[in-house]
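Student: Coordinates in my_file_39.cif, mmCIF, C-alpha atoms and all ligand atoms, are listed below.
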data_run
loop_
_atom_site.group_PDB
_atom_site.id
_atom_site.type_symbol
_atom_site.label_atom_id
_atom_site.label_comp_id
_atom_site.auth_asym_id
_atom_site.auth_seq_id
_atom_site.Cartn_x
_atom_site.Cartn_y
_atom_site.Cartn_z
ATOM 1 C CA MET W 1 30.208 -212.226 87.178
ATOM 2 C CA SER W 2 32.032 -209.105 86.086
ATOM 3 C CA GLY W 3 35.254 -208.167 84.356
ATOM 4 C CA SER W 4 36.183 -207.727 80.745
ATOM 5 C CA GLY W 5 38.589 -210.444 79.610
ATOM 6 C CA ILE W 6 37.575 -213.595 77.828
ATOM 7 C CA GLY W 7 38.228 -216.644 79.943
ATOM 8 C CA GLU W 8 36.951 -216.616 83.470
ATOM 9 C CA ASP W 9 33.847 -214.629 82.522
ATOM 10 C CA MET W 10 32.840 -217.231 80.016
ATOM 11 C CA LEU W 11 33.014 -220.124 82.454
ATOM 12 C CA ILE W 12 29.723 -220.827 84.112
ATOM 13 C CA PRO W 13 30.238 -221.529 87.834
ATOM 14 C CA GLN W 14 29.607 -225.026 89.188
ATOM 15 C CA ALA W 15 26.933 -224.229 91.738
ATOM 16 C CA SER W 16 25.255 -227.579 92.406
ATOM 17 C CA ASN W 17 26.097 -231.070 93.624
ATOM 18 C CA SER W 18 25.920 -232.629 90.156
ATOM 19 C CA ALA W 19 27.697 -229.880 88.183
ATOM 20 C CA ASP W 20 31.161 -231.455 88.511
ATOM 21 C CA LYS W 21 29.892 -234.869 87.370
ATOM 22 C CA VAL W 22 28.206 -233.405 84.292
ATOM 23 C CA ASP W 23 31.349 -231.425 83.490
ATOM 24 C CA ALA W 24 33.478 -234.556 83.950
ATOM 25 C CA ALA W 25 31.395 -236.459 81.373
ATOM 26 C CA PHE W 26 31.632 -233.520 78.990
ATOM 27 C CA THR W 27 35.393 -233.093 79.435
ATOM 28 C CA TYR W 28 36.028 -236.834 79.017
ATOM 29 C CA ILE W 29 34.131 -237.004 75.723
ATOM 30 C CA LEU W 30 35.639 -233.760 74.461
ATOM 31 C CA GLY W 31 39.141 -235.011 75.360
ATOM 32 C CA ILE W 32 38.677 -238.240 73.385
ATOM 33 C CA GLU W 33 37.326 -236.270 70.450
ATOM 34 C CA VAL W 34 40.306 -233.914 70.385
ATOM 35 C CA VAL W 35 42.797 -236.810 70.516
ATOM 36 C CA LEU W 36 40.985 -238.779 67.791
ATOM 37 C CA LEU W 37 40.581 -235.745 65.549
ATOM 38 C CA THR W 38 44.300 -234.983 65.833
ATOM 39 C CA LEU W 39 45.331 -238.600 65.140
ATOM 40 C CA VAL W 40 42.988 -239.126 62.188
ATOM 41 C CA THR W 41 43.800 -235.786 60.577
ATOM 42 C CA SER W 42 47.554 -236.252 61.002
ATOM 43 C CA ALA W 43 47.421 -239.785 59.534
ATOM 44 C CA MET W 44 45.373 -238.496 56.613
ATOM 45 C CA VAL W 45 47.790 -235.672 55.841
ATOM 46 C CA PHE W 46 50.756 -238.055 56.237
ATOM 47 C CA PHE W 47 49.352 -240.612 53.792
ATOM 48 C CA VAL W 48 48.344 -237.996 51.250
ATOM 49 C CA ILE W 49 51.948 -236.797 51.116
ATOM 50 C CA ARG W 50 53.715 -240.154 51.549
ATOM 51 C CA TYR W 51 51.748 -241.951 48.810
ATOM 52 C CA ARG W 52 51.153 -239.093 46.402
ATOM 53 C CA ARG W 53 50.725 -240.017 42.755
ATOM 54 C CA LYS W 54 53.930 -238.326 41.561
ATOM 55 C CA LYS W 55 56.012 -240.882 43.491
ATOM 56 C CA LYS W 56 54.652 -243.603 41.222
ATOM 57 C CA GLU W 57 54.843 -246.249 43.927
ATOM 58 C CA LYS W 58 53.590 -249.713 43.146
ATOM 59 C CA ALA W 59 50.575 -250.854 45.200
ATOM 60 C CA GLU W 60 51.044 -253.898 47.399
ATOM 61 C CA ASN W 61 48.452 -256.387 48.599
ATOM 62 C CA ILE W 62 48.295 -256.591 52.391
ATOM 63 C CA GLU W 63 46.848 -259.795 53.856
ATOM 64 C CA GLY W 64 45.737 -258.414 57.248
ATOM 65 C CA SER W 65 46.983 -258.299 60.808
ATOM 66 C CA LEU W 66 45.378 -260.027 63.759
ATOM 67 C CA PHE W 67 47.250 -257.761 66.146
ATOM 68 C CA LEU W 68 45.839 -254.600 64.535
ATOM 69 C CA GLU W 69 42.357 -256.107 64.364
ATOM 70 C CA ILE W 70 42.376 -256.776 68.099
ATOM 71 C CA LEU W 71 43.923 -253.385 68.868
ATOM 72 C CA TRP W 72 41.326 -251.356 66.980
ATOM 73 C CA THR W 73 38.496 -253.376 68.459
ATOM 74 C CA VAL W 74 39.638 -253.270 72.074
ATOM 75 C CA ILE W 75 40.651 -249.598 72.280
ATOM 76 C CA PRO W 76 37.376 -248.124 70.928
ATOM 77 C CA THR W 77 35.386 -250.567 73.077
ATOM 78 C CA LEU W 78 37.179 -249.377 76.200
ATOM 79 C CA LEU W 79 36.727 -245.721 75.219
ATOM 80 C CA VAL W 80 33.012 -246.174 74.595
ATOM 81 C CA LEU W 81 32.497 -248.192 77.771
ATOM 82 C CA GLY W 82 34.282 -245.371 79.593
ATOM 83 C CA MET W 83 31.794 -242.891 78.082
ATOM 84 C CA PHE W 84 28.948 -245.109 79.159
ATOM 85 C CA TYR W 85 30.253 -245.375 82.715
ATOM 86 C CA ILE W 86 30.944 -241.689 83.231
ATOM 87 C CA GLY W 87 27.685 -240.696 81.511
ATOM 88 C CA TRP W 88 25.664 -243.162 83.536
ATOM 89 C CA ARG W 89 27.274 -241.945 86.771
ATOM 90 C CA SER W 90 26.270 -238.316 86.141
ATOM 91 C CA PHE W 91 22.839 -239.315 84.825
ATOM 92 C CA ASP W 92 22.201 -241.420 87.920
ATOM 93 C CA ALA W 93 23.199 -238.522 90.174
ATOM 94 C CA LEU W 94 20.752 -236.271 88.289
ATOM 95 C CA ARG W 95 17.783 -238.669 88.525
ATOM 96 C CA ALA W 96 18.125 -240.337 91.962
ATOM 97 C CA VAL W 97 16.234 -237.969 94.258
ATOM 98 C CA PRO W 98 17.103 -238.168 97.991
ATOM 99 C CA LYS W 99 14.293 -238.972 100.445
ATOM 100 C CA GLU W 100 14.466 -235.689 102.369
ATOM 101 C CA VAL W 101 13.789 -232.932 99.859
ATOM 102 C CA MET W 102 12.103 -229.580 99.701
ATOM 103 C CA VAL W 103 9.540 -229.624 96.896
ATOM 104 C CA ILE W 104 9.023 -226.573 94.678
ATOM 105 C CA LYS W 105 6.506 -226.525 91.841
ATOM 106 C CA VAL W 106 7.501 -224.897 88.584
ATOM 107 C CA THR W 107 4.892 -223.669 86.128
ATOM 108 C CA ALA W 108 6.117 -222.442 82.778
ATOM 109 C CA ARG W 109 3.904 -220.232 80.647
ATOM 110 C CA GLN W 110 4.211 -217.839 77.728
ATOM 111 C CA TRP W 111 6.503 -216.142 78.814
ATOM 112 C CA SER W 112 7.368 -216.378 82.457
ATOM 113 C CA TRP W 113 8.113 -218.753 85.324
ATOM 114 C CA LEU W 114 6.106 -219.291 88.475
ATOM 115 C CA PHE W 115 7.534 -221.077 91.499
ATOM 116 C CA GLY W 116 5.181 -222.476 94.147
ATOM 117 C CA TYR W 117 6.403 -223.535 97.593
ATOM 118 C CA GLU W 118 5.038 -226.071 100.046
ATOM 119 C CA ASN W 119 3.692 -223.348 102.359
ATOM 120 C CA GLY W 120 1.669 -221.685 99.591
ATOM 121 C CA LYS W 121 4.172 -218.931 98.835
ATOM 122 C CA GLU W 122 4.545 -218.082 95.145
ATOM 123 C CA SER W 123 7.267 -216.179 93.377
ATOM 124 C CA ASP W 124 8.581 -215.408 89.907
ATOM 125 C CA THR W 125 12.164 -215.677 91.175
ATOM 126 C CA LEU W 126 13.336 -219.030 92.484
ATOM 127 C CA ARG W 127 14.783 -218.890 95.996
ATOM 128 C CA VAL W 128 16.507 -221.921 97.482
ATOM 129 C CA PRO W 129 18.541 -222.639 100.602
ATOM 130 C CA LEU W 130 22.236 -223.448 100.300
ATOM 131 C CA GLY W 131 23.099 -227.124 100.802
ATOM 132 C CA ARG W 132 19.551 -228.473 101.077
ATOM 133 C CA PRO W 133 18.250 -230.872 98.405
ATOM 134 C CA VAL W 134 15.420 -229.397 96.337
ATOM 135 C CA LYS W 135 13.073 -231.286 94.029
ATOM 136 C CA MET W 136 11.339 -229.363 91.272
ATOM 137 C CA LEU W 137 7.993 -230.630 89.970
ATOM 138 C CA ILE W 138 7.653 -229.109 86.543
ATOM 139 C CA THR W 139 4.708 -228.471 84.260
ATOM 140 C CA SER W 140 3.494 -225.997 81.671
ATOM 141 C CA ALA W 141 0.286 -223.964 81.463
ATOM 142 C CA ASP W 142 0.331 -223.759 77.669
ATOM 143 C CA VAL W 143 3.012 -225.015 75.241
ATOM 144 C CA ILE W 144 6.248 -226.972 75.723
ATOM 145 C CA HIS W 145 9.020 -225.021 77.437
ATOM 146 C CA SER W 146 12.303 -226.186 78.896
ATOM 147 C CA PHE W 147 13.608 -225.278 82.339
ATOM 148 C CA TYR W 148 17.357 -224.712 82.377
ATOM 149 C CA ILE W 149 19.804 -223.573 85.074
ATOM 150 C CA PRO W 150 23.263 -223.573 83.454
ATOM 151 C CA ALA W 151 25.150 -223.056 86.725
ATOM 152 C CA PHE W 152 23.496 -226.182 88.161
ATOM 153 C CA ARG W 153 23.910 -228.158 84.909
ATOM 154 C CA ILE W 154 20.264 -229.202 84.968
ATOM 155 C CA LYS W 155 17.577 -228.989 82.306
ATOM 156 C CA GLU W 156 14.137 -230.519 81.898
ATOM 157 C CA ASP W 157 11.176 -230.124 79.554
ATOM 158 C CA CYS W 158 8.000 -228.438 80.802
ATOM 159 C CA VAL W 159 5.090 -230.282 79.206
ATOM 160 C CA PRO W 160 1.410 -229.302 79.483
ATOM 161 C CA LYS W 161 -0.738 -231.772 81.466
ATOM 162 C CA MET W 162 2.352 -233.700 82.527
ATOM 163 C CA GLU W 163 4.693 -233.517 85.506
ATOM 164 C CA THR W 164 8.436 -233.844 85.027
ATOM 165 C CA TYR W 165 11.060 -233.439 87.709
ATOM 166 C CA LEU W 166 14.585 -232.377 88.525
ATOM 167 C CA TRP W 167 16.527 -232.204 91.717
ATOM 168 C CA PHE W 168 19.645 -230.430 92.923
ATOM 169 C CA THR W 169 21.519 -229.273 95.978
ATOM 170 C CA ALA W 170 22.828 -225.757 95.518
ATOM 171 C CA SER W 171 26.458 -225.709 96.603
ATOM 172 C CA GLU W 172 27.425 -222.075 96.109
ATOM 173 C CA ALA W 173 25.572 -218.966 97.330
ATOM 174 C CA GLY W 174 24.775 -216.428 94.638
ATOM 175 C CA THR W 175 22.341 -215.501 91.888
ATOM 176 C CA TYR W 176 22.221 -217.561 88.699
ATOM 177 C CA ASP W 177 20.316 -217.419 85.414
ATOM 178 C CA ILE W 178 17.270 -219.477 84.540
ATOM 179 C CA PHE W 179 16.509 -219.834 80.831
ATOM 180 C CA CYS W 180 13.819 -221.369 78.666
ATOM 181 C CA THR W 181 15.532 -223.582 76.108
ATOM 182 C CA GLU W 182 12.594 -224.683 73.979
ATOM 183 C CA TYR W 183 11.327 -222.235 71.367
ATOM 184 C CA CYS W 184 7.875 -221.317 72.691
ATOM 185 C CA GLY W 185 6.792 -218.257 70.741
ATOM 186 C CA LEU W 186 7.743 -214.628 70.266
ATOM 187 C CA GLY W 187 8.674 -213.980 73.896
ATOM 188 C CA HIS W 188 10.898 -217.069 74.180
ATOM 189 C CA SER W 189 14.178 -215.170 74.414
ATOM 190 C CA GLY W 190 12.735 -213.005 77.180
ATOM 191 C CA MET W 191 11.582 -215.997 79.211
ATOM 192 C CA VAL W 192 14.311 -215.620 81.790
ATOM 193 C CA SER W 193 14.386 -215.599 85.543
ATOM 194 C CA GLN W 194 16.904 -216.105 88.308
ATOM 195 C CA VAL W 195 17.617 -218.527 91.087
ATOM 196 C CA VAL W 196 18.854 -216.990 94.318
ATOM 197 C CA VAL W 197 20.819 -219.386 96.529
ATOM 198 C CA MET W 198 20.539 -218.101 100.108
ATOM 199 C CA SER W 199 22.061 -219.196 103.390
ATOM 200 C CA GLU W 200 19.791 -221.464 105.414
ATOM 201 C CA LYS W 201 19.111 -218.603 107.855
ATOM 202 C CA ASP W 202 18.242 -216.000 105.203
ATOM 203 C CA PHE W 203 16.086 -218.489 103.382
ATOM 204 C CA ASP W 204 14.124 -219.463 106.498
ATOM 205 C CA ALA W 205 13.544 -215.779 107.290
ATOM 206 C CA TRP W 206 12.216 -215.146 103.766
ATOM 207 C CA TYR W 207 10.224 -218.373 103.723
ATOM 208 C CA GLY W 208 8.665 -217.855 107.149
ATOM 209 C CA ALA W 209 7.803 -214.220 106.539
ATOM 210 C CA ALA W 210 6.016 -215.123 103.354
ATOM 211 C CA VAL W 211 3.147 -216.853 105.116
ATOM 212 C CA THR W 212 2.339 -214.239 107.723
ATOM 213 C CA SER W 213 2.817 -210.844 106.101
ATOM 214 C CA VAL W 214 0.845 -209.411 103.236
ATOM 215 C CA GLU W 215 3.785 -207.824 101.527
ATOM 216 C CA LYS W 216 2.394 -206.921 98.149
ATOM 217 C CA ALA W 217 -0.705 -205.418 96.659
ATOM 218 C CA ARG W 218 -3.065 -208.168 95.574
ATOM 219 C CA GLY W 219 -3.172 -206.794 92.039
ATOM 220 C CA LEU W 220 0.595 -207.127 91.736
ATOM 221 C CA LYS W 221 0.410 -210.661 93.053
ATOM 222 C CA ILE W 222 -2.153 -211.568 90.370
ATOM 223 C CA LEU W 223 0.048 -209.995 87.683
ATOM 224 C CA GLU W 224 2.928 -212.168 88.901
ATOM 225 C CA GLU W 225 0.868 -215.325 89.121
ATOM 226 C CA LYS W 226 -0.671 -214.906 85.677
ATOM 227 C CA GLY W 227 2.758 -214.294 84.188
ATOM 228 C CA CYS W 228 1.938 -210.755 82.986
ATOM 229 C CA LEU W 229 5.283 -209.423 84.173
ATOM 230 C CA GLY W 230 7.060 -211.658 81.668
ATOM 231 C CA CYS W 231 6.124 -209.109 79.012
ATOM 232 C CA HIS W 232 5.070 -205.963 80.903
ATOM 233 C CA THR W 233 7.279 -204.101 83.357
ATOM 234 C CA THR W 234 6.258 -201.856 86.219
ATOM 235 C CA ASP W 235 9.348 -199.645 85.962
ATOM 236 C CA GLY W 236 8.692 -197.757 82.716
ATOM 237 C CA THR W 237 10.806 -199.859 80.351
ATOM 238 C CA GLY W 238 9.236 -201.666 77.401
ATOM 239 C CA LYS W 239 9.457 -205.423 76.890
ATOM 240 C CA ALA W 240 7.367 -207.616 74.569
ATOM 241 C CA GLY W 241 4.426 -205.506 75.801
ATOM 242 C CA PRO W 242 4.068 -201.878 76.927
ATOM 243 C CA THR W 243 5.064 -200.961 80.474
ATOM 244 C CA PHE W 244 2.427 -200.531 83.189
ATOM 245 C CA ARG W 245 4.195 -197.555 84.757
ATOM 246 C CA GLY W 246 2.303 -194.324 84.055
ATOM 247 C CA LEU W 247 -0.186 -196.160 81.856
ATOM 248 C CA TYR W 248 -3.365 -195.203 83.668
ATOM 249 C CA GLY W 249 -4.800 -191.926 82.418
ATOM 250 C CA SER W 250 -2.208 -191.579 79.649
ATOM 251 C CA GLN W 251 -2.964 -191.166 75.940
ATOM 252 C CA VAL W 252 -2.344 -194.307 73.953
ATOM 253 C CA THR W 253 -2.206 -194.751 70.185
ATOM 254 C CA VAL W 254 -3.832 -198.057 69.348
ATOM 255 C CA LEU W 255 -4.893 -200.054 66.341
ATOM 256 C CA THR W 256 -8.532 -201.048 66.613
ATOM 257 C CA LYS W 257 -9.609 -203.445 63.864
ATOM 258 C CA GLY W 258 -6.719 -202.134 61.775
ATOM 259 C CA LYS W 259 -7.627 -198.453 62.304
ATOM 260 C CA GLU W 260 -5.356 -196.174 64.270
ATOM 261 C CA ARG W 261 -6.897 -194.057 67.029
ATOM 262 C CA VAL W 262 -5.790 -192.223 70.144
ATOM 263 C CA ILE W 263 -7.564 -193.110 73.355
ATOM 264 C CA VAL W 264 -7.181 -192.428 77.047
ATOM 265 C CA ALA W 265 -6.199 -195.419 79.151
ATOM 266 C CA ASP W 266 -9.142 -195.459 81.538
ATOM 267 C CA ASP W 267 -10.731 -198.285 83.537
ATOM 268 C CA ASP W 268 -12.662 -199.574 80.526
ATOM 269 C CA TYR W 269 -9.592 -199.646 78.322
ATOM 270 C CA LEU W 270 -7.567 -201.552 80.934
ATOM 271 C CA ARG W 271 -10.391 -204.043 81.491
ATOM 272 C CA ARG W 272 -10.848 -204.582 77.752
ATOM 273 C CA SER W 273 -7.105 -205.048 77.246
ATOM 274 C CA ILE W 274 -7.006 -207.749 79.913
ATOM 275 C CA LEU W 275 -10.112 -209.650 78.794
ATOM 276 C CA ASP W 276 -9.777 -209.176 75.028
ATOM 277 C CA PRO W 277 -6.067 -208.556 74.339
ATOM 278 C CA GLY W 278 -6.534 -208.321 70.564
ATOM 279 C CA ALA W 279 -9.173 -205.539 70.687
ATOM 280 C CA ASP W 280 -6.796 -202.556 70.828
ATOM 281 C CA ILE W 281 -3.172 -203.129 69.885
ATOM 282 C CA VAL W 282 -0.802 -200.440 71.141
ATOM 283 C CA ARG W 283 1.214 -198.936 68.288
ATOM 284 C CA GLY W 284 4.668 -200.504 68.027
ATOM 285 C CA TYR W 285 3.601 -203.794 69.605
ATOM 286 C CA GLN W 286 2.352 -207.061 68.193
ATOM 287 C CA ASN W 287 -0.864 -208.909 68.823
ATOM 288 C CA ILE W 288 0.711 -211.743 70.798
ATOM 289 C CA MET W 289 -0.851 -211.587 74.252
ATOM 290 C CA PRO W 290 -2.609 -214.823 75.181
ATOM 291 C CA LYS W 291 -6.149 -214.773 76.621
ATOM 292 C CA LEU W 292 -5.984 -215.071 80.398
ATOM 293 C CA ALA W 293 -8.173 -217.059 82.718
ATOM 294 C CA VAL W 294 -9.133 -214.281 85.141
ATOM 295 C CA THR W 295 -12.184 -213.695 87.278
ATOM 296 C CA PRO W 296 -13.941 -210.280 87.242
ATOM 297 C CA GLU W 297 -12.640 -209.713 90.803
ATOM 298 C CA GLU W 298 -9.074 -210.360 89.671
ATOM 299 C CA VAL W 299 -9.483 -207.912 86.787
ATOM 300 C CA GLN W 300 -10.696 -205.290 89.262
ATOM 301 C CA GLU W 301 -7.696 -205.936 91.546
ATOM 302 C CA ILE W 302 -5.317 -205.542 88.609
ATOM 303 C CA VAL W 303 -6.934 -202.296 87.458
ATOM 304 C CA THR W 304 -6.823 -200.933 91.011
ATOM 305 C CA TYR W 305 -3.139 -201.752 91.204
ATOM 306 C CA LEU W 306 -2.316 -200.296 87.782
ATOM 307 C CA LYS W 307 -3.830 -196.982 88.885
ATOM 308 C CA THR W 308 -1.150 -196.747 91.583
ATOM 309 C CA LEU W 309 1.713 -196.953 89.065
ATOM 310 C CA LYS W 310 1.979 -193.232 88.397
HETATM 311 CU CU1 LIG W 401 9.343 -220.857 77.072
HETATM 312 CU CU2 LIG W 401 10.913 -220.802 75.299
#
Just give me the structure as C-alpha cells.
Tutor:
Amino acid sequence: MSGSGIGEDMLIPQASNSADKVDAAFTYILGIEVVLLTLVTSAMVFFVIRYRRKKKEKAENIEGSLFLEILWTVIPTLLVLGMFYIGWRSFDALRAVPKEVMVIKVTARQWSWLFGYENGKESDTLRVPLGRPVKMLITSADVIHSFYIPAFRIKEDCVPKMETYLWFTASEAGTYDIFCTEYCGLGHSGMVSQVVVMSEKDFDAWYGAAVTSVEKARGLKILEEKGCLGCHTTDGTGKAGPTFRGLYGSQVTVLTKGKERVIVADDDYLRRSILDPGADIVRGYQNIMPKLAVTPEEVQEIVTYLKTLK
C-alpha cells in the first residue's frame, strides 16, 4: 500500500475467504453500538434539559406499561440473537477446515517465525498459493506468542508443547504483514514477517525448486531455522542484536563480566557468542539472546558462513 492520505491507506485489504465474514460481524456490532450510543445520549441530554430543577415540575407516579416492557425485551433480544448468528457464522467459517488442504507448520520463537512445508522446505517468509486452502499447525519453541495476519483476519495463539490451528484460502495476490500479538519479550515488536500470496504457477515453481536445488549456504539455513535472523541482519543494519555483515575480523567493544574491552571477532569469539551468549555483550546491546540448541557441526557451519559476510 502506498499514498499519503488517510482513508484508503488505513484500510487493511480483505485477502482471504473469511475476511468479509469477520468484517461483517464487526460492522454489525459497531453499527448497533453507534445507534444505541446516539439514542441513549440524546435521551439523556433531552431529559436533563426537559426536567431541570429550575422548572419546578411536580413528580408523577407512573404505574408501568406492558407495551414498553415487551418492546424493550424483544428488540434487545433480536439484536443480541443477530450478533450471535453473525458471529457464529464467521467463527464457523474460521474453524471448519476443508478436507483438501495444504498443511504448513508454524513455529514461533523469540523472536522470529519458521514455516515448514510438507516437502521439507523451510522458510522464514510464508509463501502460499492463491485460491488453495491452507491449514497452519501452530506451536511455539519457547514462550506464548500469537500468530496474526490482519489482511486475512486470522489470529491464533502459539503455545509451547501444544498444537493449535488456523486455516484460510488466500483470495488476493500480494504481500501482507504477519505480526506477533502476544507480548513475548524484548524483541516482541520486531517479531514480524510476511506472507506472500503467489499464483498457483509461481508457487509450484518455488515449491518444486526447493526440494532439488541447494540454494543457500548451509550456515545461512541454520541461522534461519534457529531464528537468529529475527534479531541479527546480514545487510549491515542493526536490530535487537548486532549485524553479521562485516563482523568477522572486525574490532568489537564488549562487556565481559561488566568490564569493557576491545577484542577482534575471530573464530573463538563467534563460537563463544553462539554457545554462551551472555559471555561478551557488545556495547550498545542488551543481554537478551536465548541459549540455542546447536550441535558443534552447526556452530562450525554458522562461523564458516559468517566469514563470507565481508
Ligand atoms: Cu512473539 Cu510477541
Student: Residues up to 9 Å from ligand LIG 401 (chain W), counting all atoms listed in the file: could you list those as an mmCIF file with C-alpha atoms, in the coordinates of the input?
Tutor:
data_model
loop_
_atom_site.group_PDB
_atom_site.id
_atom_site.type_symbol
_atom_site.label_atom_id
_atom_site.label_comp_id
_atom_site.auth_asym_id
_atom_site.auth_seq_id
_atom_site.Cartn_x
_atom_site.Cartn_y
_atom_site.Cartn_z
ATOM 1 C CA ALA W 108 6.117 -222.442 82.778
ATOM 2 C CA ARG W 109 3.904 -220.232 80.647
ATOM 3 C CA GLN W 110 4.211 -217.839 77.728
ATOM 4 C CA TRP W 111 6.503 -216.142 78.814
ATOM 5 C CA SER W 112 7.368 -216.378 82.457
ATOM 6 C CA TRP W 113 8.113 -218.753 85.324
ATOM 7 C CA VAL W 143 3.012 -225.015 75.241
ATOM 8 C CA ILE W 144 6.248 -226.972 75.723
ATOM 9 C CA HIS W 145 9.020 -225.021 77.437
ATOM 10 C CA SER W 146 12.303 -226.186 78.896
ATOM 11 C CA PHE W 147 13.608 -225.278 82.339
ATOM 12 C CA CYS W 158 8.000 -228.438 80.802
ATOM 13 C CA PHE W 179 16.509 -219.834 80.831
ATOM 14 C CA CYS W 180 13.819 -221.369 78.666
ATOM 15 C CA THR W 181 15.532 -223.582 76.108
ATOM 16 C CA GLU W 182 12.594 -224.683 73.979
ATOM 17 C CA TYR W 183 11.327 -222.235 71.367
ATOM 18 C CA CYS W 184 7.875 -221.317 72.691
ATOM 19 C CA GLY W 185 6.792 -218.257 70.741
ATOM 20 C CA LEU W 186 7.743 -214.628 70.266
ATOM 21 C CA GLY W 187 8.674 -213.980 73.896
ATOM 22 C CA HIS W 188 10.898 -217.069 74.180
ATOM 23 C CA SER W 189 14.178 -215.170 74.414
ATOM 24 C CA GLY W 190 12.735 -213.005 77.180
ATOM 25 C CA MET W 191 11.582 -215.997 79.211
ATOM 26 C CA VAL W 192 14.311 -215.620 81.790
#
Student: Apply the PyMOL selection byres (((chain W and resi 91-95) around 10) and not hetatm) to the displayed file and report the matching residues as JSON, numbers by chain.
Tutor: {"W": [17, 18, 19, 21, 22, 25, 85, 86, 87, 88, 89, 90, 96, 97, 98, 153, 154, 155, 165, 166, 167, 168]}
Student: What would the selection look like, as a PyMOL selection string, if the PyMOL selection byres (((chain W and resi 226) around 12) and not hetatm) were run on the coordinates I just shared?
Tutor: chain W and resi 107-115+122-124+141-142+219-225+227-232+274+289-295+298-299+302
Student: Could the residues in this selection be written to a file with C-alpha atoms, as a PDB file, in the frame of the given file?
Tutor:
ATOM      1  CA  THR W 107       4.892-223.669  86.128  1.00  0.00           C
ATOM      2  CA  ALA W 108       6.117-222.442  82.778  1.00  0.00           C
ATOM      3  CA  ARG W 109       3.904-220.232  80.647  1.00  0.00           C
ATOM      4  CA  GLN W 110       4.211-217.839  77.728  1.00  0.00           C
ATOM      5  CA  TRP W 111       6.503-216.142  78.814  1.00  0.00           C
ATOM      6  CA  SER W 112       7.368-216.378  82.457  1.00  0.00           C
ATOM      7  CA  TRP W 113       8.113-218.753  85.324  1.00  0.00           C
ATOM      8  CA  LEU W 114       6.106-219.291  88.475  1.00  0.00           C
ATOM      9  CA  PHE W 115       7.534-221.077  91.499  1.00  0.00           C
ATOM     10  CA  GLU W 122       4.545-218.082  95.145  1.00  0.00           C
ATOM     11  CA  SER W 123       7.267-216.179  93.377  1.00  0.00           C
ATOM     12  CA  ASP W 124       8.581-215.408  89.907  1.00  0.00           C
ATOM     13  CA  ALA W 141       0.286-223.964  81.463  1.00  0.00           C
ATOM     14  CA  ASP W 142       0.331-223.759  77.669  1.00  0.00           C
ATOM     15  CA  GLY W 219      -3.172-206.794  92.039  1.00  0.00           C
ATOM     16  CA  LEU W 220       0.595-207.127  91.736  1.00  0.00           C
ATOM     17  CA  LYS W 221       0.410-210.661  93.053  1.00  0.00           C
ATOM     18  CA  ILE W 222      -2.153-211.568  90.370  1.00  0.00           C
ATOM     19  CA  LEU W 223       0.048-209.995  87.683  1.00  0.00           C
ATOM     20  CA  GLU W 224       2.928-212.168  88.901  1.00  0.00           C
ATOM     21  CA  GLU W 225       0.868-215.325  89.121  1.00  0.00           C
ATOM     22  CA  GLY W 227       2.758-214.294  84.188  1.00  0.00           C
ATOM     23  CA  CYS W 228       1.938-210.755  82.986  1.00  0.00           C
ATOM     24  CA  LEU W 229       5.283-209.423  84.173  1.00  0.00           C
ATOM     25  CA  GLY W 230       7.060-211.658  81.668  1.00  0.00           C
ATOM     26  CA  CYS W 231       6.124-209.109  79.012  1.00  0.00           C
ATOM     27  CA  HIS W 232       5.070-205.963  80.903  1.00  0.00           C
ATOM     28  CA  ILE W 274      -7.006-207.749  79.913  1.00  0.00           C
ATOM     29  CA  MET W 289      -0.851-211.587  74.252  1.00  0.00           C
ATOM     30  CA  PRO W 290      -2.609-214.823  75.181  1.00  0.00           C
ATOM     31  CA  LYS W 291      -6.149-214.773  76.621  1.00  0.00           C
ATOM     32  CA  LEU W 292      -5.984-215.071  80.398  1.00  0.00           C
ATOM     33  CA  ALA W 293      -8.173-217.059  82.718  1.00  0.00           C
ATOM     34  CA  VAL W 294      -9.133-214.281  85.141  1.00  0.00           C
ATOM     35  CA  THR W 295     -12.184-213.695  87.278  1.00  0.00           C
ATOM     36  CA  GLU W 298      -9.074-210.360  89.671  1.00  0.00           C
ATOM     37  CA  VAL W 299      -9.483-207.912  86.787  1.00  0.00           C
ATOM     38  CA  ILE W 302      -5.317-205.542  88.609  1.00  0.00           C
TER      39      ILE W 302
END
Student: Using the chain letters and numbers from the file, give me the residues hit by the PyMOL selection byres (((chain W and resi 303-305) around 12) and not hetatm), as a ChimeraX atom specification.
Tutor: /W:216-223,234,244-249,265-275,296-302,306-310
Student: Need to verify the contact set: W:Arg283, 7 Å, only C-alpha atoms, exclusion of same-chain residues closer than 6 positions in sequence. Can you return it as a PDB file with C-alpha atoms, in the coordinates of the input?
Tutor:
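Now in part.pdb:
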ATOM      1  CA  THR W 253      -2.206-194.751  70.185  1.00  0.00           C
ATOM      2  CA  VAL W 254      -3.832-198.057  69.348  1.00  0.00           C
ATOM      3  CA  LEU W 255      -4.893-200.054  66.341  1.00  0.00           C
TER       4      LEU W 255
END
Student: Which residue out of W:Asp204, W:Trp72, W:Thr256, W:Ile178 has the minimum interatomic distance to W:Asp276 when all atoms listed in the file are used?
Tutor: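 The closest residue to W:Asp276 is W:Thr256.
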Student: At what distance in Å, to one decimal, does atom CA of W:Pro242 lie from atom CA of W:Val282?
Tutor: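 That distance, rounded to one decimal, is 7.7 Å.
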Student: Atom CA of W:Tyr28 and atom CA of W:Glu156 are how many Å apart?
Tutor: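 Separation of atom CA of W:Tyr28 and atom CA of W:Glu156: 23.0 Å.
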Student: Which is closer to W:Ala173 than all the others in W:Val197, W:Val74, W:Val159, W:Val34, using all atoms listed in the file?
Tutor: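 The shortest atom-to-atom distance to W:Ala173 comes from W:Val197.
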Student: Can you measure atom CA of W:Ala15 to atom CA of W:Leu81 for me? One decimal in Å is fine.
Tutor: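 Atom-to-atom, atom CA of W:Ala15 and atom CA of W:Leu81 are spaced 28.3 Å apart.
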Student: So which one's closest to W:Met102, W:Glu163, W:Val45, W:Thr38, W:Thr169? Using only C-alpha atoms, please.
Tutor: W:Thr169
